[in-house]
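Pasted below: protein_39.txt, compact mmCIF, N, CA, C and O atoms.
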# COMPACT_ATOMS: atom_id res chain seq x y z
N MET K 1 -35.37 -39.23 51.85
CA MET K 1 -35.40 -37.81 51.65
C MET K 1 -36.83 -37.33 51.42
O MET K 1 -37.17 -36.24 51.81
N ARG K 2 -37.65 -38.15 50.79
CA ARG K 2 -39.03 -37.78 50.54
C ARG K 2 -39.79 -37.57 51.85
O ARG K 2 -40.60 -36.66 51.96
N ASP K 3 -39.51 -38.43 52.84
CA ASP K 3 -40.19 -38.31 54.12
C ASP K 3 -39.81 -37.00 54.82
O ASP K 3 -40.64 -36.38 55.46
N ALA K 4 -38.57 -36.58 54.70
CA ALA K 4 -38.12 -35.33 55.30
C ALA K 4 -38.86 -34.14 54.67
O ALA K 4 -39.25 -33.20 55.36
N GLY K 5 -39.09 -34.21 53.37
CA GLY K 5 -39.84 -33.16 52.68
C GLY K 5 -41.28 -33.09 53.14
O GLY K 5 -41.84 -32.01 53.33
N ARG K 6 -41.88 -34.24 53.36
CA ARG K 6 -43.27 -34.28 53.84
C ARG K 6 -43.37 -33.75 55.26
O ARG K 6 -44.28 -32.98 55.59
N VAL K 7 -42.43 -34.14 56.10
CA VAL K 7 -42.42 -33.65 57.47
C VAL K 7 -42.24 -32.14 57.49
O VAL K 7 -42.94 -31.42 58.22
N LEU K 8 -41.35 -31.64 56.68
CA LEU K 8 -41.12 -30.19 56.59
C LEU K 8 -42.40 -29.49 56.12
O LEU K 8 -42.79 -28.45 56.67
N ALA K 9 -43.06 -30.04 55.12
CA ALA K 9 -44.30 -29.44 54.61
C ALA K 9 -45.38 -29.42 55.69
O ALA K 9 -46.10 -28.42 55.84
N ILE K 10 -45.48 -30.49 56.46
CA ILE K 10 -46.47 -30.55 57.54
C ILE K 10 -46.15 -29.52 58.62
O ILE K 10 -47.04 -28.83 59.12
N LEU K 11 -44.87 -29.39 58.96
CA LEU K 11 -44.47 -28.41 59.96
C LEU K 11 -44.76 -26.98 59.49
O LEU K 11 -45.26 -26.16 60.26
N VAL K 12 -44.46 -26.70 58.25
CA VAL K 12 -44.73 -25.36 57.70
C VAL K 12 -46.23 -25.09 57.71
O VAL K 12 -46.68 -24.01 58.12
N ALA K 13 -47.02 -26.06 57.31
CA ALA K 13 -48.48 -25.90 57.31
C ALA K 13 -48.99 -25.66 58.73
O ALA K 13 -49.86 -24.81 58.96
N ALA K 14 -48.47 -26.39 59.70
CA ALA K 14 -48.89 -26.23 61.09
C ALA K 14 -48.56 -24.83 61.60
O ALA K 14 -49.39 -24.19 62.26
N VAL K 15 -47.38 -24.33 61.28
CA VAL K 15 -46.98 -22.98 61.71
C VAL K 15 -47.91 -21.93 61.09
O VAL K 15 -48.36 -21.00 61.76
N VAL K 16 -48.20 -22.07 59.81
CA VAL K 16 -49.08 -21.13 59.12
C VAL K 16 -50.47 -21.14 59.76
O VAL K 16 -51.07 -20.09 60.00
N ILE K 17 -50.99 -22.31 60.05
CA ILE K 17 -52.32 -22.43 60.67
C ILE K 17 -52.32 -21.78 62.06
O ILE K 17 -53.23 -21.03 62.40
N ILE K 18 -51.30 -22.05 62.86
CA ILE K 18 -51.23 -21.49 64.22
C ILE K 18 -51.16 -19.97 64.18
O ILE K 18 -51.91 -19.28 64.87
N PHE K 19 -50.28 -19.41 63.35
CA PHE K 19 -50.16 -17.95 63.27
C PHE K 19 -51.41 -17.32 62.64
O PHE K 19 -51.83 -16.24 63.04
N GLY K 20 -52.01 -18.01 61.68
CA GLY K 20 -53.26 -17.51 61.09
C GLY K 20 -54.38 -17.45 62.11
O GLY K 20 -55.15 -16.49 62.17
N TRP K 21 -54.48 -18.48 62.95
CA TRP K 21 -55.52 -18.52 63.98
C TRP K 21 -55.29 -17.40 65.00
O TRP K 21 -56.21 -16.72 65.41
N LYS K 22 -54.04 -17.20 65.41
CA LYS K 22 -53.73 -16.13 66.36
C LYS K 22 -54.06 -14.76 65.77
O LYS K 22 -54.64 -13.92 66.44
N TYR K 23 -53.73 -14.55 64.51
CA TYR K 23 -54.06 -13.28 63.85
C TYR K 23 -55.57 -13.07 63.84
O TYR K 23 -56.05 -11.98 64.13
N TYR K 24 -56.31 -14.11 63.50
CA TYR K 24 -57.78 -14.03 63.49
C TYR K 24 -58.29 -13.65 64.88
O TYR K 24 -59.13 -12.75 65.02
N GLN K 25 -57.83 -14.32 65.92
CA GLN K 25 -58.29 -14.04 67.28
C GLN K 25 -57.96 -12.61 67.69
O GLN K 25 -58.80 -11.93 68.29
N ASP K 26 -56.77 -12.14 67.38
CA ASP K 26 -56.37 -10.79 67.77
C ASP K 26 -57.12 -9.70 67.03
O ASP K 26 -57.34 -8.62 67.57
N ASN K 27 -57.49 -9.95 65.78
CA ASN K 27 -58.08 -8.89 64.96
C ASN K 27 -59.57 -8.99 64.69
O ASN K 27 -60.21 -7.98 64.41
N TYR K 28 -60.14 -10.18 64.75
CA TYR K 28 -61.53 -10.34 64.33
C TYR K 28 -62.45 -11.00 65.34
O TYR K 28 -63.65 -10.82 65.26
N GLN K 29 -61.93 -11.79 66.26
CA GLN K 29 -62.80 -12.47 67.22
C GLN K 29 -63.19 -11.46 68.30
O GLN K 29 -62.39 -11.09 69.15
N ALA K 30 -64.44 -11.02 68.27
CA ALA K 30 -64.90 -9.93 69.13
C ALA K 30 -65.51 -10.44 70.44
O ALA K 30 -66.08 -11.53 70.49
N GLU K 31 -65.36 -9.59 71.45
CA GLU K 31 -65.97 -9.84 72.75
C GLU K 31 -66.71 -8.57 73.16
O GLU K 31 -66.29 -7.46 72.84
N THR K 32 -67.80 -8.72 73.92
CA THR K 32 -68.56 -7.57 74.39
C THR K 32 -67.78 -6.87 75.50
O THR K 32 -67.26 -7.52 76.41
N ALA K 33 -67.69 -5.54 75.40
CA ALA K 33 -66.98 -4.75 76.40
C ALA K 33 -67.70 -3.42 76.61
O ALA K 33 -68.49 -2.99 75.77
N TYR K 34 -67.42 -2.80 77.75
CA TYR K 34 -68.05 -1.54 78.11
C TYR K 34 -66.98 -0.52 78.49
O TYR K 34 -65.94 -0.89 79.00
N ALA K 35 -67.28 0.77 78.22
CA ALA K 35 -66.37 1.85 78.60
C ALA K 35 -67.18 3.08 78.98
O ALA K 35 -68.33 3.24 78.53
N VAL K 36 -66.59 3.93 79.78
CA VAL K 36 -67.22 5.20 80.13
C VAL K 36 -66.60 6.27 79.24
O VAL K 36 -65.38 6.35 79.11
N VAL K 37 -67.46 7.07 78.61
CA VAL K 37 -66.98 8.17 77.76
C VAL K 37 -66.25 9.18 78.64
O VAL K 37 -66.74 9.55 79.70
N PRO K 38 -65.07 9.63 78.21
CA PRO K 38 -64.32 10.61 79.02
C PRO K 38 -65.15 11.86 79.30
O PRO K 38 -66.01 12.25 78.51
N ASN K 39 -64.88 12.48 80.44
CA ASN K 39 -65.61 13.67 80.86
C ASN K 39 -65.33 14.85 79.93
O ASN K 39 -66.20 15.67 79.68
N GLU K 40 -64.11 14.91 79.40
CA GLU K 40 -63.72 16.02 78.52
C GLU K 40 -63.98 15.66 77.06
O GLU K 40 -63.52 14.63 76.57
N VAL K 41 -64.73 16.52 76.37
CA VAL K 41 -65.03 16.29 74.96
C VAL K 41 -63.78 16.65 74.14
O VAL K 41 -63.23 17.73 74.30
N PRO K 42 -63.33 15.73 73.28
CA PRO K 42 -62.15 16.04 72.45
C PRO K 42 -62.46 17.14 71.44
O PRO K 42 -63.62 17.40 71.12
N ALA K 43 -61.43 17.77 70.94
CA ALA K 43 -61.60 18.84 69.95
C ALA K 43 -62.16 18.26 68.65
O ALA K 43 -61.76 17.19 68.21
N LYS K 44 -63.10 19.01 68.06
CA LYS K 44 -63.64 18.63 66.75
C LYS K 44 -62.59 18.95 65.71
O LYS K 44 -61.97 20.02 65.74
N LYS K 45 -62.35 18.02 64.79
CA LYS K 45 -61.32 18.24 63.77
C LYS K 45 -61.85 17.87 62.40
O LYS K 45 -62.87 17.19 62.27
N GLN K 46 -61.16 18.35 61.39
CA GLN K 46 -61.48 17.99 60.01
C GLN K 46 -61.09 16.53 59.79
O GLN K 46 -59.98 16.13 60.12
N ALA K 47 -62.00 15.72 59.27
CA ALA K 47 -61.68 14.32 59.01
C ALA K 47 -60.76 14.21 57.79
O ALA K 47 -60.83 15.03 56.88
N THR K 48 -59.90 13.20 57.82
CA THR K 48 -59.00 12.95 56.70
C THR K 48 -59.10 11.49 56.26
O THR K 48 -59.49 10.62 57.03
N ASP K 49 -58.74 11.24 55.01
CA ASP K 49 -58.73 9.86 54.52
C ASP K 49 -57.39 9.21 54.88
O ASP K 49 -56.56 9.81 55.56
N ASP K 50 -57.20 7.98 54.45
CA ASP K 50 -55.98 7.23 54.80
C ASP K 50 -54.70 7.89 54.30
O ASP K 50 -53.63 7.69 54.87
N SER K 51 -54.80 8.70 53.25
CA SER K 51 -53.60 9.36 52.72
C SER K 51 -53.36 10.72 53.38
O SER K 51 -52.40 11.41 53.05
N GLY K 52 -54.26 11.13 54.30
CA GLY K 52 -54.10 12.41 54.99
C GLY K 52 -54.83 13.57 54.33
O GLY K 52 -54.80 14.69 54.83
N LYS K 53 -55.51 13.30 53.22
CA LYS K 53 -56.26 14.34 52.51
C LYS K 53 -57.55 14.65 53.27
O LYS K 53 -58.28 13.74 53.68
N LYS K 54 -57.85 15.95 53.45
CA LYS K 54 -59.07 16.36 54.15
C LYS K 54 -60.30 15.94 53.37
O LYS K 54 -60.34 16.04 52.14
N ILE K 55 -61.32 15.49 54.11
CA ILE K 55 -62.59 15.08 53.50
C ILE K 55 -63.56 16.24 53.69
O ILE K 55 -63.94 16.57 54.82
N SER K 56 -63.99 16.84 52.60
CA SER K 56 -64.85 18.01 52.64
C SER K 56 -66.17 17.71 53.35
O SER K 56 -66.85 16.73 53.05
N GLY K 57 -66.53 18.57 54.32
CA GLY K 57 -67.81 18.46 55.01
C GLY K 57 -67.88 17.37 56.07
O GLY K 57 -68.93 17.14 56.65
N VAL K 58 -66.79 16.69 56.34
CA VAL K 58 -66.78 15.60 57.33
C VAL K 58 -65.83 15.97 58.46
O VAL K 58 -64.71 16.41 58.23
N HIS K 59 -66.32 15.80 59.69
CA HIS K 59 -65.53 16.11 60.87
C HIS K 59 -65.39 14.87 61.75
O HIS K 59 -66.09 13.87 61.54
N ALA K 60 -64.52 14.97 62.76
CA ALA K 60 -64.26 13.80 63.61
C ALA K 60 -63.88 14.23 65.02
O ALA K 60 -63.43 15.35 65.25
N TYR K 61 -64.09 13.29 65.94
CA TYR K 61 -63.63 13.41 67.32
C TYR K 61 -62.79 12.16 67.62
O TYR K 61 -63.21 11.05 67.32
N ASP K 62 -61.61 12.36 68.19
CA ASP K 62 -60.74 11.23 68.54
C ASP K 62 -60.90 10.89 70.02
O ASP K 62 -60.73 11.76 70.88
N TYR K 63 -61.23 9.64 70.28
CA TYR K 63 -61.41 9.16 71.65
C TYR K 63 -60.41 8.07 71.97
O TYR K 63 -59.96 7.33 71.09
N LYS K 64 -60.09 7.94 73.23
CA LYS K 64 -59.32 6.81 73.75
C LYS K 64 -60.19 6.20 74.85
O LYS K 64 -60.47 6.85 75.86
N PHE K 65 -60.65 4.97 74.62
CA PHE K 65 -61.53 4.29 75.57
C PHE K 65 -60.79 3.20 76.32
O PHE K 65 -59.99 2.47 75.74
N GLU K 66 -61.07 3.09 77.61
CA GLU K 66 -60.60 1.96 78.39
C GLU K 66 -61.79 1.03 78.56
O GLU K 66 -62.66 1.26 79.39
N PHE K 67 -61.82 -0.01 77.74
CA PHE K 67 -62.92 -0.98 77.78
C PHE K 67 -62.68 -2.01 78.86
O PHE K 67 -61.54 -2.38 79.16
N VAL K 68 -63.77 -2.50 79.43
CA VAL K 68 -63.71 -3.58 80.42
C VAL K 68 -64.55 -4.73 79.89
O VAL K 68 -65.72 -4.56 79.54
N LEU K 69 -63.92 -5.91 79.81
CA LEU K 69 -64.61 -7.11 79.36
C LEU K 69 -65.37 -7.74 80.53
O LEU K 69 -65.16 -7.39 81.70
N LYS K 70 -66.24 -8.69 80.22
CA LYS K 70 -67.02 -9.36 81.26
C LYS K 70 -66.14 -10.04 82.31
O LYS K 70 -66.51 -10.14 83.46
N ASN K 71 -64.95 -10.49 81.90
CA ASN K 71 -64.06 -11.17 82.84
C ASN K 71 -63.20 -10.19 83.65
O ASN K 71 -62.34 -10.60 84.43
N GLY K 72 -63.40 -8.88 83.46
CA GLY K 72 -62.66 -7.87 84.19
C GLY K 72 -61.41 -7.37 83.49
O GLY K 72 -60.80 -6.39 83.91
N GLU K 73 -61.01 -8.04 82.40
CA GLU K 73 -59.83 -7.61 81.65
C GLU K 73 -60.08 -6.24 81.04
O GLU K 73 -61.17 -5.95 80.55
N LYS K 74 -59.04 -5.37 81.05
CA LYS K 74 -59.16 -4.03 80.48
C LYS K 74 -58.35 -3.94 79.20
O LYS K 74 -57.25 -4.49 79.11
N ARG K 75 -58.91 -3.23 78.22
CA ARG K 75 -58.22 -2.99 76.95
C ARG K 75 -58.43 -1.53 76.55
O ARG K 75 -59.55 -1.04 76.55
N THR K 76 -57.36 -0.86 76.19
CA THR K 76 -57.44 0.53 75.76
C THR K 76 -57.38 0.56 74.24
O THR K 76 -56.48 0.00 73.62
N LEU K 77 -58.39 1.23 73.64
CA LEU K 77 -58.46 1.34 72.19
C LEU K 77 -58.76 2.77 71.78
O LEU K 77 -59.52 3.47 72.43
N ASP K 78 -58.16 3.19 70.66
CA ASP K 78 -58.47 4.49 70.07
C ASP K 78 -59.69 4.33 69.17
O ASP K 78 -59.87 3.29 68.54
N TYR K 79 -60.52 5.39 69.11
CA TYR K 79 -61.70 5.36 68.26
C TYR K 79 -61.92 6.74 67.68
O TYR K 79 -61.85 7.75 68.39
N GLU K 80 -62.18 6.81 66.37
CA GLU K 80 -62.47 8.07 65.71
C GLU K 80 -63.95 8.09 65.34
O GLU K 80 -64.40 7.28 64.54
N LEU K 81 -64.70 9.01 65.93
CA LEU K 81 -66.12 9.20 65.64
C LEU K 81 -66.20 10.19 64.49
O LEU K 81 -65.77 11.34 64.63
N THR K 82 -66.71 9.77 63.34
CA THR K 82 -66.65 10.57 62.12
C THR K 82 -68.03 10.70 61.48
O THR K 82 -68.81 9.76 61.51
N GLY K 83 -68.30 11.85 60.85
CA GLY K 83 -69.54 12.01 60.11
C GLY K 83 -69.71 13.44 59.60
O GLY K 83 -68.97 14.35 59.98
N GLU K 84 -70.73 13.61 58.76
CA GLU K 84 -71.01 14.94 58.21
C GLU K 84 -71.61 15.86 59.28
O GLU K 84 -71.28 17.04 59.34
N LYS K 85 -72.50 15.34 60.09
CA LYS K 85 -73.11 16.13 61.16
C LYS K 85 -72.81 15.45 62.49
O LYS K 85 -73.69 15.26 63.32
N VAL K 86 -71.57 15.08 62.68
CA VAL K 86 -71.15 14.30 63.85
C VAL K 86 -71.27 15.13 65.13
O VAL K 86 -71.00 16.32 65.13
N LYS K 87 -71.74 14.48 66.17
CA LYS K 87 -71.82 15.09 67.49
C LYS K 87 -71.02 14.22 68.44
O LYS K 87 -71.01 13.00 68.30
N PRO K 88 -70.35 14.82 69.41
CA PRO K 88 -69.54 14.02 70.33
C PRO K 88 -70.41 13.13 71.20
O PRO K 88 -71.61 13.39 71.39
N PHE K 89 -69.80 12.08 71.74
CA PHE K 89 -70.50 11.24 72.70
C PHE K 89 -70.83 12.07 73.94
O PHE K 89 -70.11 13.03 74.27
N THR K 90 -71.86 11.69 74.65
CA THR K 90 -72.23 12.35 75.89
C THR K 90 -71.19 12.00 76.96
O THR K 90 -70.95 10.81 77.21
N PRO K 91 -70.57 13.02 77.58
CA PRO K 91 -69.58 12.73 78.61
C PRO K 91 -70.15 11.86 79.73
O PRO K 91 -71.31 12.02 80.12
N ASN K 92 -69.35 10.93 80.21
CA ASN K 92 -69.67 10.00 81.29
C ASN K 92 -70.75 8.97 80.94
O ASN K 92 -71.18 8.23 81.82
N ALA K 93 -71.18 8.94 79.69
CA ALA K 93 -72.12 7.90 79.26
C ALA K 93 -71.37 6.57 79.15
O ALA K 93 -70.15 6.54 78.98
N VAL K 94 -72.09 5.47 79.24
CA VAL K 94 -71.49 4.15 79.08
C VAL K 94 -71.73 3.70 77.64
O VAL K 94 -72.85 3.79 77.14
N VAL K 95 -70.67 3.24 76.99
CA VAL K 95 -70.79 2.72 75.63
C VAL K 95 -70.50 1.22 75.65
O VAL K 95 -69.69 0.73 76.44
N LYS K 96 -71.18 0.52 74.77
CA LYS K 96 -71.01 -0.93 74.63
C LYS K 96 -70.44 -1.18 73.25
O LYS K 96 -70.87 -0.57 72.27
N ALA K 97 -69.46 -2.07 73.16
CA ALA K 97 -68.84 -2.36 71.87
C ALA K 97 -68.43 -3.82 71.79
O ALA K 97 -68.21 -4.47 72.80
N GLU K 98 -68.34 -4.29 70.57
CA GLU K 98 -67.78 -5.61 70.29
C GLU K 98 -66.35 -5.33 69.85
O GLU K 98 -66.14 -4.73 68.80
N ILE K 99 -65.38 -5.73 70.66
CA ILE K 99 -63.98 -5.43 70.36
C ILE K 99 -63.15 -6.69 70.29
O ILE K 99 -63.45 -7.69 70.94
N SER K 100 -62.09 -6.62 69.50
CA SER K 100 -61.10 -7.69 69.48
C SER K 100 -59.91 -7.19 70.29
O SER K 100 -59.96 -6.11 70.87
N LYS K 101 -58.83 -7.93 70.31
CA LYS K 101 -57.66 -7.49 71.08
C LYS K 101 -57.05 -6.23 70.50
O LYS K 101 -56.41 -5.47 71.20
N LYS K 102 -57.24 -5.98 69.21
CA LYS K 102 -56.60 -4.84 68.57
C LYS K 102 -57.56 -3.80 68.01
O LYS K 102 -57.16 -2.67 67.77
N THR K 103 -58.82 -4.16 67.76
CA THR K 103 -59.73 -3.21 67.13
C THR K 103 -61.13 -3.31 67.71
O THR K 103 -61.51 -4.29 68.32
N GLY K 104 -61.91 -2.25 67.45
CA GLY K 104 -63.34 -2.28 67.74
C GLY K 104 -64.05 -2.76 66.50
O GLY K 104 -63.78 -2.32 65.40
N ASN K 105 -64.96 -3.70 66.67
CA ASN K 105 -65.66 -4.26 65.51
C ASN K 105 -66.99 -3.56 65.28
O ASN K 105 -67.36 -3.27 64.17
N LYS K 106 -67.75 -3.31 66.36
CA LYS K 106 -68.98 -2.54 66.25
C LYS K 106 -69.36 -2.07 67.64
O LYS K 106 -68.93 -2.64 68.64
N GLY K 107 -70.17 -1.03 67.72
CA GLY K 107 -70.52 -0.50 69.03
C GLY K 107 -71.81 0.28 69.03
O GLY K 107 -72.35 0.60 67.99
N THR K 108 -72.29 0.54 70.25
CA THR K 108 -73.50 1.35 70.43
C THR K 108 -73.28 2.34 71.53
O THR K 108 -72.43 2.20 72.35

Would you write the structure of this file as structure tokens?
Amino acid sequence: MRDAGRVLAILVAAVVIIFGWKYYQDNYQAETAYAVVPNEVPAKKQATDDSGKKISGVHAYDYKFEFVLKNGEKRTLDYELTGEKVKPFTPNAVVKAEISKKTGNKGT
């Protein structure tokens, strides 16, 4: 019975490691990607915090980018450009970002 417990513990540990690695890859392992800024500038809006409360003096623009990776794979990600004196991206400009499968990590 002791051996069955050890085998079960090893299997549980292996599953945790596999799912943890997949989560890391999907959320944090970044790849360089490029996107073209949409031609239409989104509406400027009042920025809000995570609870939905308006942030005084801070505005935002919501973008949806279709990024292309070096291997040709495409990923669509939402991005909120936020700041006190925020200006929209230049339409049709090319932006470069480090993105994971689910999020943008950093960009220029």

Atom CA of Lys44 of chain K and atom N of Leu69 of chain K are how many Å apart?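 Here the two named atoms are 27.8 Å from each other.
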
Fewer than 4 positions away in the same chain doesn't count, so skip those; otherwise give me all residues within 8 Å of segment 47-57 of chain K, counting all atoms listed in the file, as a list in words.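 Counting only the stated atoms, we get Tyr61, Leu81, Thr82, Gly83, Glu84, Lys85 and Val86 of chain K.
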
Residue subset to file, keeping N, CA, C and O atoms, as a short mmCIF file (atom, residue, chain, number, x, y, z; two decimals), in the coordinates of the input:
data_model
loop_
_atom_site.label_atom_id
_atom_site.label_comp_id
_atom_site.auth_asym_id
_atom_site.auth_seq_id
_atom_site.Cartn_x
_atom_site.Cartn_y
_atom_site.Cartn_z
N TYR K 61 -64.09 13.29 65.94
CA TYR K 61 -63.63 13.41 67.32
C TYR K 61 -62.79 12.16 67.62
O TYR K 61 -63.21 11.05 67.32
N LEU K 81 -64.70 9.01 65.93
CA LEU K 81 -66.12 9.20 65.64
C LEU K 81 -66.20 10.19 64.49
O LEU K 81 -65.77 11.34 64.63
N THR K 82 -66.71 9.77 63.34
CA THR K 82 -66.65 10.57 62.12
C THR K 82 -68.03 10.70 61.48
O THR K 82 -68.81 9.76 61.51
N GLY K 83 -68.30 11.85 60.85
CA GLY K 83 -69.54 12.01 60.11
C GLY K 83 -69.71 13.44 59.60
O GLY K 83 -68.97 14.35 59.98
N GLU K 84 -70.73 13.61 58.76
CA GLU K 84 -71.01 14.94 58.21
C GLU K 84 -71.61 15.86 59.28
O GLU K 84 -71.28 17.04 59.34
N LYS K 85 -72.50 15.34 60.09
CA LYS K 85 -73.11 16.13 61.16
C LYS K 85 -72.81 15.45 62.49
O LYS K 85 -73.69 15.26 63.32
N VAL K 86 -71.57 15.08 62.68
CA VAL K 86 -71.15 14.30 63.85
C VAL K 86 -71.27 15.13 65.13
O VAL K 86 -71.00 16.32 65.13
#

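One finds atom CA of Ile99 of chain K at 11.4 Å from atom CA of Glu66 of chain K.
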
Within 7 Å of Phe65 of chain K using all atoms listed in the file, minus same-chain residues under 2 positions, as a ChimeraX atom specification: /K:35-36,38,63,67,75-79

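Coordinates place atom N of Pro42 of chain K at a distance of 11.1 Å from atom N of Lys87 of chain K.
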
Picked from chain K by DSSP as helix (DSSP H, G or I), as a PyMOL selection string: chain K and resi 2-27
